Amino acid sequence: MPEKPSFVAPISPPRLLDQVRARIRFKHYSMRTEQAYGDWIKRFVRHFGKRHPREMGVEEVQSFLSHLAVEGRVAASTQNQAKSALLFLYKEVLGVELPWLDKIEAAKTSRRLPVVLTHGEVAAVLSSMEGTAGLVARLLYGTGMRIMEGLRLRVKDVDFGRGEILVRDGKGAKDRVTMLPVALESELREHLVRVRELHRRDLAAGHGEVYLPYALDRKYPSAGREWGWQYVFPSAGLSVDPRSGAVRRHHMMDQSVQRAIRQAVRNTGIDKPATPHTLRHSFAAHLLKSSYDIRTVQELLGHSDVSTTMIYTHVLNRGGRGWQVRWIDWPPRDRLRRYSAGTRKSRPMPSPSS
């Protein structure tokens, strides 16, 4: 007697957010981008009564972005991030190739000068900070690293012999080399001694593994427990990896450093809105003030275009070649000429007293 065919439940398609996460990980976007895009897509769907994005189009996208700008009063950069998330949803996840996708205008962002602390203000803030957060802050100022570049620093990327730090996978997935301040070598060595003892205790307890990028844990199964791959600034406790579920010791959270710097700024009585990124701005401005070549500063900061580094010359009230701007000698009267309208004949610039 033939057997009755067993019932096979239909396979339901993956949820929309699961598709978004899968596509983001396929393109090797960061964890923070995954979280930000997921949050914006959820807000977009909820704003229109949980309608599926396939049922919506350019009117809904523009209406949502207008809602953020008018009622939400968000910054232009926030509005553009929401736009990028929605364009990623339609182009990369849903595969919608419609001409209206490229017609959505981006919000115009303002070009603002960064906040820069003076040498005295930096010294006051850093001297009032203690512990690991204080060391992180001093390292950010002494190297020009972004806060996440400093917290993701691995032991193997600190070269005491050459006095260098190799910044891996920085902004734009680029590597670069920056200086290791001589004044921090002793403090950093003592810190690494304590970190190594913590790693030894983790290994004895059956842990001691850190996250490895790009599936290196499959290629080198034991590399995650090696000393060189450990974070220079590990977290105080173990945590669960949100993607793999593995229990590991992650790096120190950036919120703890931000809180410590804000408290130090308040304690020193500085009125400027200083953050960890302010230390990076101050690093660049102080190098330029000390007559460092702007191309060198560009490489240390990891800017792809020197025009981005040029903004610090405006902070210092200097011109494009690093000249101090004073009304009495700028522009140089012996080099600059003014052309009268309708003629090519030049005449000297008038003196400041004329």
# chains A, B, ... in the order shown; residues from 1 in each chain; ligands from 1
>>> residues_around(residues="segment 76-89 of chain A", least_positions_apart="3", cutoff="10 Å", atoms="only C-alpha atoms", output="VMD selection string")
chain A and resid 16 to 17 19 to 20 23 to 24 33 to 34 36 to 41 43 to 44 53 61 to 62 64 to 69 72 to 73 92 to 96 101 to 102 104 to 110
>>> residues_around(residues="Ala183 of chain A", least_positions_apart="3", cutoff="10 Å", atoms="only C-alpha atoms", output="PyMOL selection string")
chain A and resi 138-139+142+180+186-188
>>> select_by_dssp(residues="segment 136-319 of chain A", states="helix (DSSP H, G or I)", output="PyMOL selection string")
chain A and resi 136-143+147-151+155-157+182-204+216-219+223-225+227-229+254-268+276-289+294-301+306-309+311-315
>>> residues_around(residues="Ala260 of chain A", least_positions_apart="3", cutoff="12 Å", atoms="only C-alpha atoms", output="list in words")
Val125, Leu126, Ser128, Met129, Glu130, Gly131, Thr132, Ala133, Gly134, Leu135, Val136, Ala137, Met253, Asp254, Gln255, Ser256, Val257, Gln263, Ala264, Val265, Arg266, Asn267, Ala274, Thr275 and Pro276 of chain A
>>> residues_around(residues="segment 197-213 of chain A", least_positions_apart="6", cutoff="9 Å", atoms="only C-alpha atoms", output="count of residues only")
16
>>> residues_around(residues="segment 298-300 of chain A", least_positions_apart="6", cutoff="7 Å", atoms="only C-alpha atoms", output="list in words")
Val177, Thr178, Val306 and Thr309 of chain A
>>> closest_residue(among="A:Lys50, A:Arg111, A:Arg146, A:His314", to="Leu279 of chain A", atoms="only C-alpha atoms")
A:Arg146
>>> atom_distance(atom1="atom CA of Ile147 of chain A", atom2="atom CA of Thr278 of chain A")
10.2 Å
>>> select_by_dssp(residues="segment 66-306 of chain A", states="strand (DSSP E or B)", output="number ranges by chain")
A: 154, 158-159, 164-167, 176-179, 231, 234, 239-240, 247-248, 251
>>> write_last_selection(atoms="all heavy atoms", output="short mmCIF file (atom, residue, chain, number, x, y, z; two decimals), in the first residue's frame")
data_model
loop_
_atom_site.label_atom_id
_atom_site.label_comp_id
_atom_site.auth_asym_id
_atom_site.auth_seq_id
_atom_site.Cartn_x
_atom_site.Cartn_y
_atom_site.Cartn_z
N ARG A 154 44.07 47.18 18.20
CA ARG A 154 44.56 45.87 18.64
C ARG A 154 46.01 45.99 19.12
O ARG A 154 46.74 46.89 18.70
CB ARG A 154 44.48 44.86 17.50
CG ARG A 154 43.14 44.83 16.77
CD ARG A 154 42.18 43.85 17.36
NE ARG A 154 40.94 43.78 16.58
CZ ARG A 154 40.06 42.79 16.66
NH1 ARG A 154 40.27 41.78 17.51
NH2 ARG A 154 38.96 42.80 15.92
N VAL A 158 50.13 48.33 17.65
CA VAL A 158 50.91 49.33 18.38
C VAL A 158 52.37 48.95 18.28
O VAL A 158 52.80 47.92 18.79
CB VAL A 158 50.47 49.41 19.87
CG1 VAL A 158 51.30 50.45 20.61
CG2 VAL A 158 48.99 49.73 19.96
N ASP A 159 53.17 49.76 17.59
CA ASP A 159 54.58 49.48 17.34
C ASP A 159 55.43 50.44 18.17
O ASP A 159 55.66 51.59 17.77
CB ASP A 159 54.89 49.64 15.84
CG ASP A 159 56.25 49.06 15.46
OD1 ASP A 159 57.12 48.95 16.35
OD2 ASP A 159 56.44 48.70 14.29
N GLU A 164 54.90 54.09 16.15
CA GLU A 164 53.79 54.24 15.24
C GLU A 164 52.58 53.43 15.71
O GLU A 164 52.72 52.47 16.47
CB GLU A 164 54.16 53.77 13.82
CG GLU A 164 55.24 54.58 13.15
CD GLU A 164 55.61 54.02 11.79
OE1 GLU A 164 55.19 52.88 11.48
OE2 GLU A 164 56.33 54.71 11.04
N ILE A 165 51.43 53.85 15.25
CA ILE A 165 50.18 53.12 15.45
C ILE A 165 49.54 52.91 14.10
O ILE A 165 49.38 53.86 13.33
CB ILE A 165 49.22 53.87 16.39
CG1 ILE A 165 49.76 53.86 17.83
CG2 ILE A 165 47.83 53.26 16.36
CD1 ILE A 165 48.88 54.61 18.80
N LEU A 166 49.20 51.67 13.80
CA LEU A 166 48.54 51.34 12.54
C LEU A 166 47.03 51.32 12.78
O LEU A 166 46.53 50.48 13.54
CB LEU A 166 49.02 49.99 12.02
CG LEU A 166 48.40 49.50 10.71
CD1 LEU A 166 48.61 50.52 9.59
CD2 LEU A 166 48.98 48.15 10.30
N VAL A 167 46.35 52.25 12.16
CA VAL A 167 44.89 52.35 12.29
C VAL A 167 44.27 51.47 11.22
O VAL A 167 44.41 51.72 10.03
CB VAL A 167 44.41 53.80 12.15
CG1 VAL A 167 42.90 53.88 12.30
CG2 VAL A 167 45.10 54.69 13.17
N ARG A 176 45.72 53.43 7.83
CA ARG A 176 46.71 54.50 7.81
C ARG A 176 47.64 54.34 9.01
O ARG A 176 47.35 53.57 9.93
CB ARG A 176 46.04 55.87 7.83
CG ARG A 176 45.45 56.28 9.17
CD ARG A 176 44.88 57.69 9.12
NE ARG A 176 44.48 58.19 10.42
CZ ARG A 176 43.33 57.93 11.01
NH1 ARG A 176 42.43 57.16 10.41
NH2 ARG A 176 43.04 58.43 12.20
N VAL A 177 48.73 55.08 8.99
CA VAL A 177 49.71 55.06 10.07
C VAL A 177 49.74 56.43 10.71
O VAL A 177 49.77 57.45 10.03
CB VAL A 177 51.11 54.69 9.54
CG1 VAL A 177 52.14 54.77 10.68
CG2 VAL A 177 51.10 53.29 8.94
N THR A 178 49.71 56.47 12.02
CA THR A 178 49.82 57.72 12.75
C THR A 178 50.91 57.57 13.81
O THR A 178 51.42 56.47 14.05
CB THR A 178 48.49 58.12 13.40
OG1 THR A 178 48.60 59.42 13.96
CG2 THR A 178 48.07 57.12 14.48
N MET A 179 51.24 58.67 14.43
CA MET A 179 52.35 58.68 15.39
C MET A 179 51.92 58.13 16.75
O MET A 179 50.75 58.23 17.13
CB MET A 179 52.86 60.11 15.56
CG MET A 179 51.84 61.07 16.14
SD MET A 179 52.46 62.74 16.35
CE MET A 179 52.44 63.30 14.65
N TYR A 231 42.12 43.48 22.15
CA TYR A 231 41.90 44.92 22.14
C TYR A 231 42.81 45.59 23.17
O TYR A 231 43.00 45.08 24.28
CB TYR A 231 40.46 45.26 22.45
CG TYR A 231 39.49 44.90 21.35
CD1 TYR A 231 38.53 43.91 21.54
CD2 TYR A 231 39.53 45.56 20.12
CE1 TYR A 231 37.63 43.58 20.53
CE2 TYR A 231 38.64 45.24 19.11
CZ TYR A 231 37.69 44.24 19.32
OH TYR A 231 36.81 43.92 18.31
N PRO A 234 40.08 46.76 26.46
CA PRO A 234 38.97 45.81 26.55
C PRO A 234 37.91 46.29 27.52
O PRO A 234 38.15 47.14 28.39
CB PRO A 234 39.65 44.53 27.07
CG PRO A 234 40.82 45.04 27.85
CD PRO A 234 41.29 46.29 27.16
N SER A 239 30.60 39.83 27.00
CA SER A 239 29.33 40.18 26.36
C SER A 239 29.03 39.17 25.26
O SER A 239 29.90 38.41 24.84
CB SER A 239 29.37 41.60 25.79
OG SER A 239 30.41 41.72 24.84
N VAL A 240 27.78 39.19 24.79
CA VAL A 240 27.32 38.27 23.75
C VAL A 240 27.35 39.01 22.41
O VAL A 240 26.79 40.10 22.28
CB VAL A 240 25.90 37.75 24.04
CG1 VAL A 240 25.43 36.83 22.93
CG2 VAL A 240 25.88 37.03 25.38
N VAL A 247 30.18 34.35 23.20
CA VAL A 247 30.51 35.12 24.40
C VAL A 247 31.97 35.53 24.31
O VAL A 247 32.88 34.69 24.29
CB VAL A 247 30.25 34.30 25.68
CG1 VAL A 247 30.65 35.10 26.92
CG2 VAL A 247 28.79 33.88 25.75
N ARG A 248 32.21 36.83 24.24
CA ARG A 248 33.56 37.35 24.08
C ARG A 248 33.75 38.58 24.96
O ARG A 248 32.80 39.13 25.51
CB ARG A 248 33.83 37.75 22.62
CG ARG A 248 33.68 36.65 21.59
CD ARG A 248 34.19 37.16 20.25
NE ARG A 248 34.09 36.16 19.19
CZ ARG A 248 33.16 36.15 18.25
NH1 ARG A 248 32.24 37.09 18.24
NH2 ARG A 248 33.14 35.22 17.32
N HIS A 251 35.59 45.45 23.07
CA HIS A 251 36.36 46.62 23.48
C HIS A 251 35.52 47.53 24.36
O HIS A 251 34.29 47.39 24.47
CB HIS A 251 36.89 47.38 22.26
CG HIS A 251 35.83 47.86 21.32
ND1 HIS A 251 34.93 48.87 21.63
CD2 HIS A 251 35.51 47.46 20.06
CE1 HIS A 251 34.12 49.08 20.63
NE2 HIS A 251 34.43 48.24 19.65
#
>>> atom_distance(atom1="atom CA of Val297 of chain A", atom2="atom CA of Val122 of chain A")
18.8 Å
>>> closest_residue(among="A:Thr313, A:Tyr90, A:Asp305, A:Lys272", to="Met56 of chain A", atoms="only C-alpha atoms")
A:Tyr90
>>> closest_residue(among="A:Gly120, A:Ser290, A:Tyr214, A:Arg152", to="Lys27 of chain A", atoms="only C-alpha atoms")
A:Tyr214
>>> atom_distance(atom1="atom CA of Leu113 of chain A", atom2="atom CA of Met252 of chain A")
29.4 Å
